[in-house]
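coords_36.pdb (PDB, C-alpha atoms and all ligand atoms)
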```pdb
MODEL        1
ATOM      1  CA  MET E  21       0.000   0.000   0.000
ATOM      2  CA  ARG E  22       1.065   3.626  -0.533
ATOM      3  CA  ILE E  23       0.901   5.065   2.981
ATOM      4  CA  GLY E  24       1.289   8.704   4.044
ATOM      5  CA  TRP E  25       2.471   8.948   7.673
ATOM      6  CA  ILE E  26       2.412  12.093   9.829
ATOM      7  CA  GLY E  27       4.290  12.133  13.152
ATOM      8  CA  THR E  28       7.517  10.162  13.583
ATOM      9  CA  GLY E  29       8.075  10.500  17.349
ATOM     10  CA  LEU E  30       8.554   7.858  20.048
ATOM     11  CA  MET E  31       5.677   5.776  18.647
ATOM     12  CA  GLY E  32       5.495   6.832  15.005
ATOM     13  CA  ALA E  33       9.120   6.010  14.127
ATOM     14  CA  PRO E  34       9.048   2.318  15.168
ATOM     15  CA  MET E  35       5.593   1.879  13.599
ATOM     16  CA  VAL E  36       6.883   3.270  10.302
ATOM     17  CA  ALA E  37       9.861   0.904  10.540
ATOM     18  CA  ARG E  38       7.547  -2.102  10.778
ATOM     19  CA  LEU E  39       5.460  -0.995   7.799
ATOM     20  CA  VAL E  40       8.549  -0.398   5.639
ATOM     21  CA  ALA E  41       9.882  -3.841   6.629
ATOM     22  CA  ALA E  42       6.520  -5.359   5.627
ATOM     23  CA  GLY E  43       6.922  -3.942   2.098
ATOM     24  CA  HIS E  44       4.627  -0.889   2.243
ATOM     25  CA  ARG E  45       5.662   2.348   0.485
ATOM     26  CA  LEU E  46       5.845   5.055   3.141
ATOM     27  CA  THR E  47       5.913   8.826   2.670
ATOM     28  CA  VAL E  48       6.472  10.557   6.007
ATOM     29  CA  HIS E  49       6.081  14.069   7.368
ATOM     30  CA  ASN E  50       7.126  15.320  10.797
ATOM     31  CA  ARG E  51       7.144  18.877  12.171
ATOM     32  CA  THR E  52      10.884  18.604  12.814
ATOM     33  CA  ARG E  53      12.535  16.919   9.862
ATOM     34  CA  ASP E  54      15.467  15.590  11.942
ATOM     35  CA  ARG E  55      13.126  13.298  13.846
ATOM     36  CA  ALA E  56      12.084  11.682  10.571
ATOM     37  CA  GLU E  57      15.675  10.814   9.611
ATOM     38  CA  PRO E  58      15.567   7.257  11.081
ATOM     39  CA  SER E  59      12.458   6.564   8.925
ATOM     40  CA  LEU E  60      14.123   8.041   5.825
ATOM     41  CA  ALA E  61      17.229   5.923   6.455
ATOM     42  CA  LEU E  62      15.015   2.833   6.265
ATOM     43  CA  GLY E  63      13.678   3.832   2.841
ATOM     44  CA  ALA E  64      10.650   6.029   3.559
ATOM     45  CA  ASP E  65      10.257   9.132   1.357
ATOM     46  CA  TRP E  66      10.055  12.657   2.815
ATOM     47  CA  ALA E  67       7.010  14.895   2.364
ATOM     48  CA  GLY E  68       7.531  18.586   3.104
ATOM     49  CA  SER E  69       3.969  19.146   4.309
ATOM     50  CA  ILE E  70       0.923  17.326   5.637
ATOM     51  CA  ALA E  71      -0.836  17.920   2.294
ATOM     52  CA  ALA E  72       2.081  16.340   0.391
ATOM     53  CA  ALA E  73       2.041  13.304   2.690
ATOM     54  CA  ALA E  74      -1.710  12.883   2.140
ATOM     55  CA  ARG E  75      -1.831  13.271  -1.670
ATOM     56  CA  ASP E  76      -1.975  10.171  -3.928
ATOM     57  CA  ARG E  77      -1.937   7.672  -1.026
ATOM     58  CA  ASP E  78      -4.168   4.663  -0.388
ATOM     59  CA  LEU E  79      -3.959   5.268   3.344
ATOM     60  CA  VAL E  80      -2.995   8.268   5.514
ATOM     61  CA  ILE E  81      -2.043   7.701   9.162
ATOM     62  CA  THR E  82      -1.487  10.306  11.897
ATOM     63  CA  MET E  83       0.464   9.719  15.142
ATOM     64  CA  LEU E  84       0.444  13.141  16.785
ATOM     65  CA  PRO E  85       0.623  14.406  20.380
ATOM     66  CA  PHE E  86      -2.572  16.344  21.139
ATOM     67  CA  PRO E  87      -6.142  16.701  19.787
ATOM     68  CA  SER E  88      -5.259  20.243  18.651
ATOM     69  CA  ASP E  89      -2.479  18.766  16.444
ATOM     70  CA  VAL E  90      -4.904  16.166  15.048
ATOM     71  CA  GLU E  91      -7.563  18.751  14.313
ATOM     72  CA  ALA E  92      -5.049  21.005  12.522
ATOM     73  CA  ALA E  93      -3.668  18.057  10.517
ATOM     74  CA  TYR E  94      -7.079  16.996   9.185
ATOM     75  CA  LEU E  95      -8.979  20.243   8.689
ATOM     76  CA  GLY E  96      -8.343  23.333   6.595
ATOM     77  CA  PRO E  97      -7.129  23.800   3.017
ATOM     78  CA  ASP E  98      -3.704  22.272   3.723
ATOM     79  CA  GLY E  99      -5.102  19.392   5.756
ATOM     80  CA  ILE E 100      -5.582  15.691   5.098
ATOM     81  CA  LEU E 101      -9.284  15.810   4.270
ATOM     82  CA  ALA E 102      -8.800  18.461   1.569
ATOM     83  CA  ASN E 103      -5.845  16.666  -0.030
ATOM     84  CA  ALA E 104      -6.327  12.899   0.350
ATOM     85  CA  SER E 105      -7.429  10.973  -2.743
ATOM     86  CA  PRO E 106     -11.071   9.989  -3.148
ATOM     87  CA  GLY E 107     -11.217   6.327  -2.132
ATOM     88  CA  ALA E 108      -8.377   6.587   0.368
ATOM     89  CA  VAL E 109      -8.840   5.903   4.093
ATOM     90  CA  ALA E 110      -7.389   8.028   6.911
ATOM     91  CA  VAL E 111      -6.588   6.668  10.365
ATOM     92  CA  ASP E 112      -5.786   8.676  13.476
ATOM     93  CA  MET E 113      -3.660   6.487  15.776
ATOM     94  CA  SER E 114      -2.924   9.313  18.243
ATOM     95  CA  THR E 115      -4.722   9.229  21.589
ATOM     96  CA  SER E 116      -7.266  11.984  21.034
ATOM     97  CA  SER E 117     -10.789  13.107  21.748
ATOM     98  CA  PRO E 118     -13.766  10.828  20.917
ATOM     99  CA  ALA E 119     -15.821  13.908  19.982
ATOM    100  CA  LEU E 120     -13.120  15.053  17.528
ATOM    101  CA  ALA E 121     -12.976  11.533  16.031
ATOM    102  CA  ARG E 122     -16.744  11.692  15.400
ATOM    103  CA  ARG E 123     -16.376  15.134  13.817
ATOM    104  CA  LEU E 124     -13.551  14.044  11.479
ATOM    105  CA  ALA E 125     -15.467  10.969  10.322
ATOM    106  CA  THR E 126     -18.407  12.857   8.844
ATOM    107  CA  GLY E 127     -18.189  12.681   5.049
ATOM    108  CA  TYR E 128     -14.803  10.903   4.726
ATOM    109  CA  PRO E 129     -13.663   7.464   5.959
ATOM    110  CA  VAL E 130     -11.551   8.408   8.986
ATOM    111  CA  LEU E 131     -10.981   5.663  11.543
ATOM    112  CA  ASP E 132      -9.842   6.313  15.116
ATOM    113  CA  ALA E 133      -7.304   3.660  16.119
ATOM    114  CA  PRO E 134      -5.243   4.622  19.183
ATOM    115  CA  VAL E 135      -2.827   2.055  20.577
ATOM    116  CA  SER E 136      -1.392   0.663  23.796
ATOM    117  CA  GLY E 137       1.972  -1.063  24.239
ATOM    118  CA  GLY E 138       4.475   1.793  24.134
ATOM    119  CA  PRO E 139       7.598   2.061  21.969
ATOM    120  CA  ALA E 140       8.556  -1.557  22.807
ATOM    121  CA  GLY E 141       5.188  -2.835  21.556
ATOM    122  CA  ALA E 142       5.539  -0.646  18.468
ATOM    123  CA  ARG E 143       8.974  -2.140  17.702
ATOM    124  CA  SER E 144       7.781  -5.735  18.142
ATOM    125  CA  GLY E 145       4.409  -5.288  16.393
ATOM    126  CA  THR E 146       2.514  -6.342  19.523
ATOM    127  CA  LEU E 147       0.451  -3.191  20.085
ATOM    128  CA  SER E 148      -3.161  -3.395  21.168
ATOM    129  CA  ILE E 149      -5.163  -1.340  18.650
ATOM    130  CA  PHE E 150      -8.539   0.148  19.669
ATOM    131  CA  VAL E 151     -10.541   0.872  16.508
ATOM    132  CA  GLY E 152     -13.651   2.979  15.984
ATOM    133  CA  GLY E 153     -15.411   3.906  12.742
ATOM    134  CA  ASP E 154     -16.811   2.536   9.515
ATOM    135  CA  ALA E 155     -16.653  -1.291   9.447
ATOM    136  CA  GLY E 156     -15.873  -1.446   5.698
ATOM    137  CA  ALA E 157     -12.928   0.948   6.029
ATOM    138  CA  PHE E 158     -11.734  -1.106   9.011
ATOM    139  CA  GLU E 159     -11.654  -4.286   6.918
ATOM    140  CA  ARG E 160      -9.592  -2.529   4.233
ATOM    141  CA  VAL E 161      -7.037  -1.301   6.770
ATOM    142  CA  ARG E 162      -6.964  -4.469   8.892
ATOM    143  CA  PRO E 163      -3.866  -5.976   7.138
ATOM    144  CA  VAL E 164      -1.905  -2.835   8.027
ATOM    145  CA  PHE E 165      -3.124  -2.944  11.634
ATOM    146  CA  GLU E 166      -1.965  -6.558  11.815
ATOM    147  CA  VAL E 167       1.603  -5.495  10.969
ATOM    148  CA  LEU E 168       1.525  -3.070  13.902
ATOM    149  CA  GLY E 169      -0.430  -4.928  16.533
ATOM    150  CA  SER E 170      -1.217  -8.403  17.804
ATOM    151  CA  THR E 171      -4.622  -7.426  19.252
ATOM    152  CA  VAL E 172      -6.906  -5.449  16.928
ATOM    153  CA  VAL E 173     -10.441  -4.855  18.195
ATOM    154  CA  HIS E 174     -13.223  -2.863  16.527
ATOM    155  CA  HIS E 175     -15.186  -1.182  19.342
ATOM    156  CA  GLY E 176     -17.983   0.479  17.358
ATOM    157  CA  PRO E 177     -18.702   3.703  15.458
ATOM    158  CA  ALA E 178     -16.355   6.694  15.166
ATOM    159  CA  GLY E 179     -15.028   7.727  18.579
ATOM    160  CA  ALA E 180     -15.459   4.269  20.155
ATOM    161  CA  GLY E 181     -11.759   3.435  19.656
ATOM    162  CA  GLN E 182     -10.717   6.623  21.441
ATOM    163  CA  ALA E 183     -13.207   5.994  24.263
ATOM    164  CA  ALA E 184     -11.851   2.444  24.769
ATOM    165  CA  LYS E 185      -8.280   3.763  24.816
ATOM    166  CA  LEU E 186      -9.240   6.302  27.518
ATOM    167  CA  VAL E 187     -10.509   3.412  29.644
ATOM    168  CA  ASN E 188      -7.021   1.896  29.231
ATOM    169  CA  GLN E 189      -5.436   5.201  30.240
ATOM    170  CA  ALA E 190      -7.480   5.530  33.435
ATOM    171  CA  LEU E 191      -6.080   2.135  34.441
ATOM    172  CA  VAL E 192      -2.515   2.965  33.306
ATOM    173  CA  ALA E 193      -2.618   6.177  35.356
ATOM    174  CA  ASN E 194      -3.727   4.559  38.582
ATOM    175  CA  VAL E 195      -1.281   1.648  38.208
ATOM    176  CA  THR E 196       1.628   4.000  37.429
ATOM    177  CA  LEU E 197       0.947   6.043  40.559
ATOM    178  CA  GLY E 198       0.625   2.800  42.538
ATOM    179  CA  ILE E 199       4.032   1.624  41.286
ATOM    180  CA  CYS E 200       5.649   4.931  42.222
ATOM    181  CA  GLU E 201       4.104   4.848  45.695
ATOM    182  CA  ALA E 202       5.194   1.230  46.208
ATOM    183  CA  TYR E 203       8.731   2.140  45.133
ATOM    184  CA  ALA E 204       8.775   5.086  47.540
ATOM    185  CA  LEU E 205       7.617   2.805  50.351
ATOM    186  CA  ALA E 206      10.347   0.243  49.559
ATOM    187  CA  GLU E 207      12.929   3.013  49.836
ATOM    188  CA  ALA E 208      11.388   4.374  53.040
ATOM    189  CA  ALA E 209      11.553   0.867  54.539
ATOM    190  CA  GLY E 210      15.231   0.567  53.626
ATOM    191  CA  LEU E 211      14.657  -2.406  51.302
ATOM    192  CA  ASP E 212      16.701  -3.364  48.237
ATOM    193  CA  PRO E 213      14.447  -2.297  45.331
ATOM    194  CA  ALA E 214      15.820  -4.995  43.004
ATOM    195  CA  ARG E 215      14.939  -7.751  45.498
ATOM    196  CA  VAL E 216      11.497  -6.243  46.085
ATOM    197  CA  HIS E 217      10.918  -6.236  42.305
ATOM    198  CA  GLU E 218      11.995  -9.889  42.113
ATOM    199  CA  SER E 219       9.367 -10.786  44.735
ATOM    200  CA  ILE E 220       6.426  -8.703  43.551
ATOM    201  CA  ARG E 221       6.681  -9.089  39.777
ATOM    202  CA  VAL E 222       5.593 -12.753  39.899
ATOM    203  CA  GLY E 223       2.588 -12.171  42.186
ATOM    204  CA  VAL E 224      -0.752 -10.486  41.534
ATOM    205  CA  ALA E 225       0.936  -7.063  41.468
ATOM    206  CA  GLY E 226       3.107  -8.015  38.483
ATOM    207  CA  SER E 227       2.466  -6.244  35.152
ATOM    208  CA  PRO E 228       4.276  -4.970  32.049
ATOM    209  CA  LEU E 229       4.044  -1.478  33.550
ATOM    210  CA  LEU E 230       5.797  -2.664  36.718
ATOM    211  CA  ASP E 231       8.592  -4.255  34.669
ATOM    212  CA  PHE E 232       8.946  -1.068  32.610
ATOM    213  CA  ALA E 233       8.878   1.474  35.440
ATOM    214  CA  TRP E 234      10.549  -0.214  38.423
ATOM    215  CA  PRO E 235      14.039  -0.713  36.884
ATOM    216  CA  ARG E 236      13.955   2.877  35.603
ATOM    217  CA  LEU E 237      13.078   4.133  39.085
ATOM    218  CA  THR E 238      16.009   2.114  40.442
ATOM    219  CA  GLU E 239      18.319   3.793  37.915
ATOM    220  CA  GLY E 240      16.804   7.271  38.416
ATOM    221  CA  ASP E 241      15.986   7.252  34.687
ATOM    222  CA  LEU E 242      13.161   9.699  33.918
ATOM    223  CA  GLU E 243      13.527   9.545  30.095
ATOM    224  CA  PRO E 244      10.169   9.030  28.388
ATOM    225  CA  GLY E 245       8.692   5.897  27.008
ATOM    226  CA  PHE E 246       5.427   7.764  27.547
ATOM    227  CA  LYS E 247       5.477  11.497  28.246
ATOM    228  CA  VAL E 248       3.879  12.896  31.385
ATOM    229  CA  ALA E 249       2.230  15.712  29.349
ATOM    230  CA  HIS E 250       0.549  13.079  27.178
ATOM    231  CA  LEU E 251      -0.794  11.199  30.219
ATOM    232  CA  ALA E 252      -2.176  14.488  31.620
ATOM    233  CA  LYS E 253      -3.859  15.079  28.231
ATOM    234  CA  ASP E 254      -5.334  11.551  28.175
ATOM    235  CA  LEU E 255      -6.695  11.854  31.704
ATOM    236  CA  GLY E 256      -8.316  15.201  30.930
ATOM    237  CA  LEU E 257     -10.045  13.488  27.988
ATOM    238  CA  ALA E 258     -11.066  10.562  30.229
ATOM    239  CA  LEU E 259     -12.565  12.951  32.801
ATOM    240  CA  ASP E 260     -14.439  14.765  30.014
ATOM    241  CA  GLU E 261     -15.769  11.437  28.753
ATOM    242  CA  ALA E 262     -17.028  10.432  32.221
ATOM    243  CA  GLY E 263     -18.591  13.883  32.562
ATOM    244  CA  ASP E 264     -21.029  14.094  35.443
ATOM    245  CA  THR E 265     -22.105  10.449  35.133
ATOM    246  CA  ARG E 266     -19.179   8.978  37.138
ATOM    247  CA  ARG E 267     -16.553  10.203  39.629
ATOM    248  CA  LEU E 268     -12.992   9.104  38.765
ATOM    249  CA  PRO E 269     -11.076  10.308  41.839
ATOM    250  CA  GLY E 270      -7.843   8.400  41.117
ATOM    251  CA  THR E 271      -7.773   9.546  37.495
ATOM    252  CA  SER E 272      -8.349  13.129  38.572
ATOM    253  CA  LEU E 273      -5.572  12.954  41.163
ATOM    254  CA  VAL E 274      -3.040  11.483  38.719
ATOM    255  CA  ARG E 275      -3.962  14.105  36.100
ATOM    256  CA  ASP E 276      -3.168  16.829  38.652
ATOM    257  CA  LEU E 277       0.078  15.144  39.720
ATOM    258  CA  CYS E 278       1.143  14.827  36.048
ATOM    259  CA  ARG E 279       0.530  18.533  35.582
ATOM    260  CA  ALA E 280       2.616  19.259  38.679
ATOM    261  CA  VAL E 281       5.476  17.124  37.284
ATOM    262  CA  ALA E 282       5.216  18.874  33.917
ATOM    263  CA  ARG E 283       5.427  22.283  35.613
ATOM    264  CA  ALA E 284       8.404  21.265  37.732
ATOM    265  CA  LEU E 285      10.434  19.164  35.295
ATOM    266  CA  GLY E 286       8.869  19.583  31.837
ATOM    267  CA  GLY E 287       6.154  17.623  30.067
ATOM    268  CA  ASP E 288       8.645  15.496  28.122
ATOM    269  CA  ARG E 289       9.652  13.477  31.210
ATOM    270  CA  GLY E 290       8.440   9.878  31.362
ATOM    271  CA  THR E 291       5.404   9.045  33.486
ATOM    272  CA  GLN E 292       7.685   7.312  36.033
ATOM    273  CA  ALA E 293       8.603  10.897  37.014
ATOM    274  CA  LEU E 294       5.447  10.735  39.168
ATOM    275  CA  ILE E 295       7.926   9.347  41.734
ATOM    276  CA  THR E 296       8.979  12.958  42.375
ATOM    277  CA  GLN E 297       5.518  13.588  43.824
ATOM    278  CA  THR E 298       6.265  11.157  46.686
ATOM    279  CA  GLN E 299       8.899  13.485  48.142
ATOM    280  CA  PRO E 300       7.559  15.117  51.328
ATOM    281  CA  SER E 301       8.496  18.553  49.956
ATOM    282  CA  THR E 302       6.277  18.178  46.845
ATOM    283  CA  GLN E 303       2.588  18.834  46.983
ATOM    284  CA  SER E 304       0.220  19.242  44.060
ATOM    285  CA  SER E 305      -1.509  22.613  44.320
ATOM    286  CA  GLU E 306      -4.591  21.166  42.606
ATOM    287  CA  GLY E 307      -6.762  18.734  44.517
ATOM    288  CA  PRO E 308      -8.946  16.003  42.997
ATOM    289  CA  ARG E 309     -12.047  17.111  41.137
TER
HETATM  290  N1  LIG E 401       4.782   6.896  23.877
HETATM  291  C1  LIG E 401       3.886   5.996  24.257
HETATM  292  O1  LIG E 401       4.169   5.085  25.052
HETATM  293  C2  LIG E 401       2.477   6.045  23.684
HETATM  294  C3  LIG E 401       1.721   4.880  23.747
HETATM  295  C4  LIG E 401       0.443   4.874  23.205
HETATM  296  C5  LIG E 401      -0.080   6.037  22.664
HETATM  297  N2  LIG E 401       0.653   7.176  22.635
HETATM  298  C6  LIG E 401       0.043   8.364  22.012
HETATM  299  O2  LIG E 401       0.550   8.443  20.688
HETATM  300  C7  LIG E 401       0.678   9.809  20.290
HETATM  301  C8  LIG E 401       2.130  10.088  19.908
HETATM  302  O3  LIG E 401       2.933   9.840  21.062
HETATM  303  P1  LIG E 401       4.536   9.823  21.008
HETATM  304  O4  LIG E 401       4.974   9.258  22.298
HETATM  305  O5  LIG E 401       4.996   9.228  19.733
HETATM  306  O6  LIG E 401       4.796  11.416  20.992
HETATM  307  P2  LIG E 401       6.076  12.216  20.478
HETATM  308  O7  LIG E 401       7.318  11.436  20.714
HETATM  309  O8  LIG E 401       5.957  13.585  21.049
HETATM  310  O9  LIG E 401       5.857  12.267  18.878
HETATM  311  C9  LIG E 401       4.913  13.069  18.249
HETATM  312  C10 LIG E 401       5.503  13.533  16.927
HETATM  313  O10 LIG E 401       4.529  14.308  16.230
HETATM  314  C11 LIG E 401       5.203  15.404  15.634
HETATM  315  N3  LIG E 401       4.261  16.492  15.392
HETATM  316  C12 LIG E 401       3.607  17.262  16.289
HETATM  317  N4  LIG E 401       2.807  18.145  15.663
HETATM  318  C13 LIG E 401       2.988  17.942  14.341
HETATM  319  C14 LIG E 401       2.437  18.534  13.173
HETATM  320  N5  LIG E 401       1.539  19.521  13.250
HETATM  321  N6  LIG E 401       2.834  18.069  11.967
HETATM  322  C15 LIG E 401       3.742  17.082  11.876
HETATM  323  N7  LIG E 401       4.287  16.458  12.948
HETATM  324  C16 LIG E 401       3.909  16.898  14.153
HETATM  325  C17 LIG E 401       6.258  15.780  16.628
HETATM  326  O11 LIG E 401       7.242  16.527  15.972
HETATM  327  P3  LIG E 401       8.470  17.236  16.725
HETATM  328  O12 LIG E 401       9.615  16.292  16.489
HETATM  329  O13 LIG E 401       8.636  18.537  16.038
HETATM  330  O14 LIG E 401       8.100  17.379  18.177
HETATM  331  C18 LIG E 401       6.727  14.411  17.122
HETATM  332  O15 LIG E 401       7.797  13.888  16.341
HETATM  333  C19 LIG E 401       0.160  10.644  21.466
HETATM  334  O16 LIG E 401      -1.189  10.952  21.266
HETATM  335  C20 LIG E 401       0.335   9.709  22.659
HETATM  336  O17 LIG E 401      -0.571  10.018  23.705
HETATM  337  C21 LIG E 401       1.939   7.204  23.120
ENDMDL
END
```
This entry written out as structure tokens:
Amino acid sequence: MRIGWIGTGLMGAPMVARLVAAGHRLTVHNRTRDRAEPSLALGADWAGSIAAAARDRDLVITMLPFPSDVEAAYLGPDGILANASPGAVAVDMSTSSPALARRLATGYPVLDAPVSGGPAGARSGTLSIFVGGDAGAFERVRPVFEVLGSTVVHHGPAGAGQAAKLVNQALVANVTLGICEAYALAEAAGLDPARVHESIRVGVAGSPLLDFAWPRLTEGDLEPGFKVAHLAKDLGLALDEAGDTRRLPGTSLVRDLCRAVARALGGDRGTQALITQTQPSTQSSEGPR
């Protein structure tokens, strides 16, 4: 397939690599060209604009940070919808707003297909892909999804993929905070964190998130697999989705703590930087909603 790809960051770059390796013809665009260089080195072509990446493609995929980036990429005279070929399909794989996904899907086949599994899952093609939108378009794109992910589930009409991903994020948020608190307690108790990890990873508290975050906490490594600003964004969307029908106190708390980390250290730190909020001197100024 001729695929236009927009956004070659932590997730986009390894996803592009898998599609190139599978024999697809990729044309990529990224705001900062340097960050597309690893994709170009693998054989992808460069597009100087979003419109150029979208033109004459069978499929256009976006992997962008925030809903505002997604909205700008799709709408307007230089956007995807104005430039993609008739008969093409567009897929937004960013984590974004269900309401925006519904808006983009009126009049053009745009699927929402956010993912879980992080850069490691992107490299190994084992992502979980949460799809919403037209069932016929989904069947056409399914072979591409199967290069990227090992679990591909269609959740319903446009926006349903994003809503399902936000459910995932509410869980990720609460587990990540739990891991950071457990790590802080191990330190406070004077335990060897590596031995504690050895014990807890095989019990009911074990998880891929634990195995990702705990060794990084041990090493003091706050580099991102997943950026704290992106988790704050996801949790804001999750709280909007719950609206007044449910209280999500843990999700609200972690959203506020992520914002506090972003203010103190920058939004590009990994979500394991929530550990900094366990220091007695740190206190989020915003309480739970
Ligand atoms: N990382 C994870 O573990 C993970 C897992 C699942 C889902 N997600 C979601 O996936 C999305 C991408 O995450 P990521 O971790 O890959 O983020 P990232 O590393 O920040 O990558 C985003 C890329 O998009 C580019 N970009 C931003 N605005 C653009 C525009 N208008 N036109 C072209 N390119 C633009 C950025 O360019 P610059 O180089 O100029 O900044 C950057 O390279 C987010 O919605 C995130 O929530 C992330």
Practice task
Could you tell me how far CA of Leu131 in chain E lies from CA of Lys185 in chain E, in Å and to one decimal?
Solution key: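 For CA of Leu131 in chain E relative to CA of Lys185 in chain E, the distance reads 13.7 Å.
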Practice task
Return as a PyMOL selection string the set of residues that the PyMOL selection byres (((not hetatm)) within 8 of (chain E and resi 401)) yields on the displayed structure.
Solution key: chain E and resi 26-33+49-56+69-70+83-87+89-90+92-93+113-116+134-139+244-247+250-251+253-254+288
Exercise for the section: Please write as a PyMOL selection string the full residue list that the PyMOL selection byres (((chain E and resi 148-159) around 8) and not hetatm) yields on this file. Expected result: chain E and resi 109+125+129-137+146-147+160-163+165+169-182+184-185
Export C-alpha atoms of the chosen residues as a compact mmCIF listing (two decimals), keeping the file's coordinate frame?
```txt
# COMPACT_ATOMS: atom_id res chain seq x y z
CA VAL E 109 -8.84 5.90 4.09
CA ALA E 125 -15.47 10.97 10.32
CA PRO E 129 -13.66 7.46 5.96
CA VAL E 130 -11.55 8.41 8.99
CA LEU E 131 -10.98 5.66 11.54
CA ASP E 132 -9.84 6.31 15.12
CA ALA E 133 -7.30 3.66 16.12
CA PRO E 134 -5.24 4.62 19.18
CA VAL E 135 -2.83 2.06 20.58
CA SER E 136 -1.39 0.66 23.80
CA GLY E 137 1.97 -1.06 24.24
CA THR E 146 2.51 -6.34 19.52
CA LEU E 147 0.45 -3.19 20.08
CA ARG E 160 -9.59 -2.53 4.23
CA VAL E 161 -7.04 -1.30 6.77
CA ARG E 162 -6.96 -4.47 8.89
CA PRO E 163 -3.87 -5.98 7.14
CA PHE E 165 -3.12 -2.94 11.63
CA GLY E 169 -0.43 -4.93 16.53
CA SER E 170 -1.22 -8.40 17.80
CA THR E 171 -4.62 -7.43 19.25
CA VAL E 172 -6.91 -5.45 16.93
CA VAL E 173 -10.44 -4.86 18.20
CA HIS E 174 -13.22 -2.86 16.53
CA HIS E 175 -15.19 -1.18 19.34
CA GLY E 176 -17.98 0.48 17.36
CA PRO E 177 -18.70 3.70 15.46
CA ALA E 178 -16.36 6.69 15.17
CA GLY E 179 -15.03 7.73 18.58
CA ALA E 180 -15.46 4.27 20.16
CA GLY E 181 -11.76 3.44 19.66
CA GLN E 182 -10.72 6.62 21.44
CA ALA E 184 -11.85 2.44 24.77
CA LYS E 185 -8.28 3.76 24.82
```
Handout entry: For Ala108 in chain E, the nearest of the candidates E:Leu229, E:Leu79, E:Ile199, E:Leu120, counting all atoms listed in the file
Key = E:Leu79
Problem - Selection result of the PyMOL selection byres (((chain E and resi 269) around 12) and not hetatm) on this file, as an MDAnalysis selection string - result: chainID E and resid 190 193:194 255 258:259 262 266:268 270:276 307:309
Practice task
Have a look at CA of Ser227 in chain E and CA of Cys278 in chain E and let me know their distance in Å, one decimal.
Solution key: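 These atoms are spaced 21.1 Å apart.
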Practice task
Just give me the gap between CA of Ala42 in chain E and CA of Glu166 in chain E in Å, one decimal is fine.
Solution key: 10.6 Å
Practice task
Would you kindly return, as an NGL selection string, each protein, DNA or RNA residue with an atom no farther than 12 Å from any atom of Thr296 in chain E, considering all atoms listed in the file and excluding same-chain residues fewer than 4 positions away?
Solution key: :E and (197 or 200-201 or 203-204 or 237 or 240-242 or 277-278 or 280-282 or 284-285 or 289-292 or 300-304)
Exercise for the section: Do a neighbour search on Arg143 in chain E at 8 Å with all atoms listed in the file, toss out local chain neighbours closer than 6 positions, and write the hits as a ChimeraX atom specification. Expected result: /E:34-35,37-38
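Proximity to Gly145 in chain E was assessed for E:Arg221, E:Val167, E:Ala119, E:Leu46 counting all atoms listed in the file; the smallest distance is recorded for E:Val167.
The closest residue to Ser117 in chain E, picked from E:Gly141, E:Gly287, E:Gly256, E:Gly223 and counting only C-alpha atoms, is E:Gly256.
Taking only C-alpha atoms into account, Val80 in chain E lies nearest to E:Arg22 out of the set E:Arg123, E:Arg215, E:Arg236, E:Arg22.
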Completion exercise
Of E:Val111, E:Leu257, E:Ala208, E:Leu230, the one nearest to Gln189 in chain E when counting only C-alpha atoms is E:Leu257
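Nearest residue to Ala183 in chain E, choosing from E:Ala61, E:Leu39, E:Ala121, E:Ile23 and counting only C-alpha atoms: E:Ala121.
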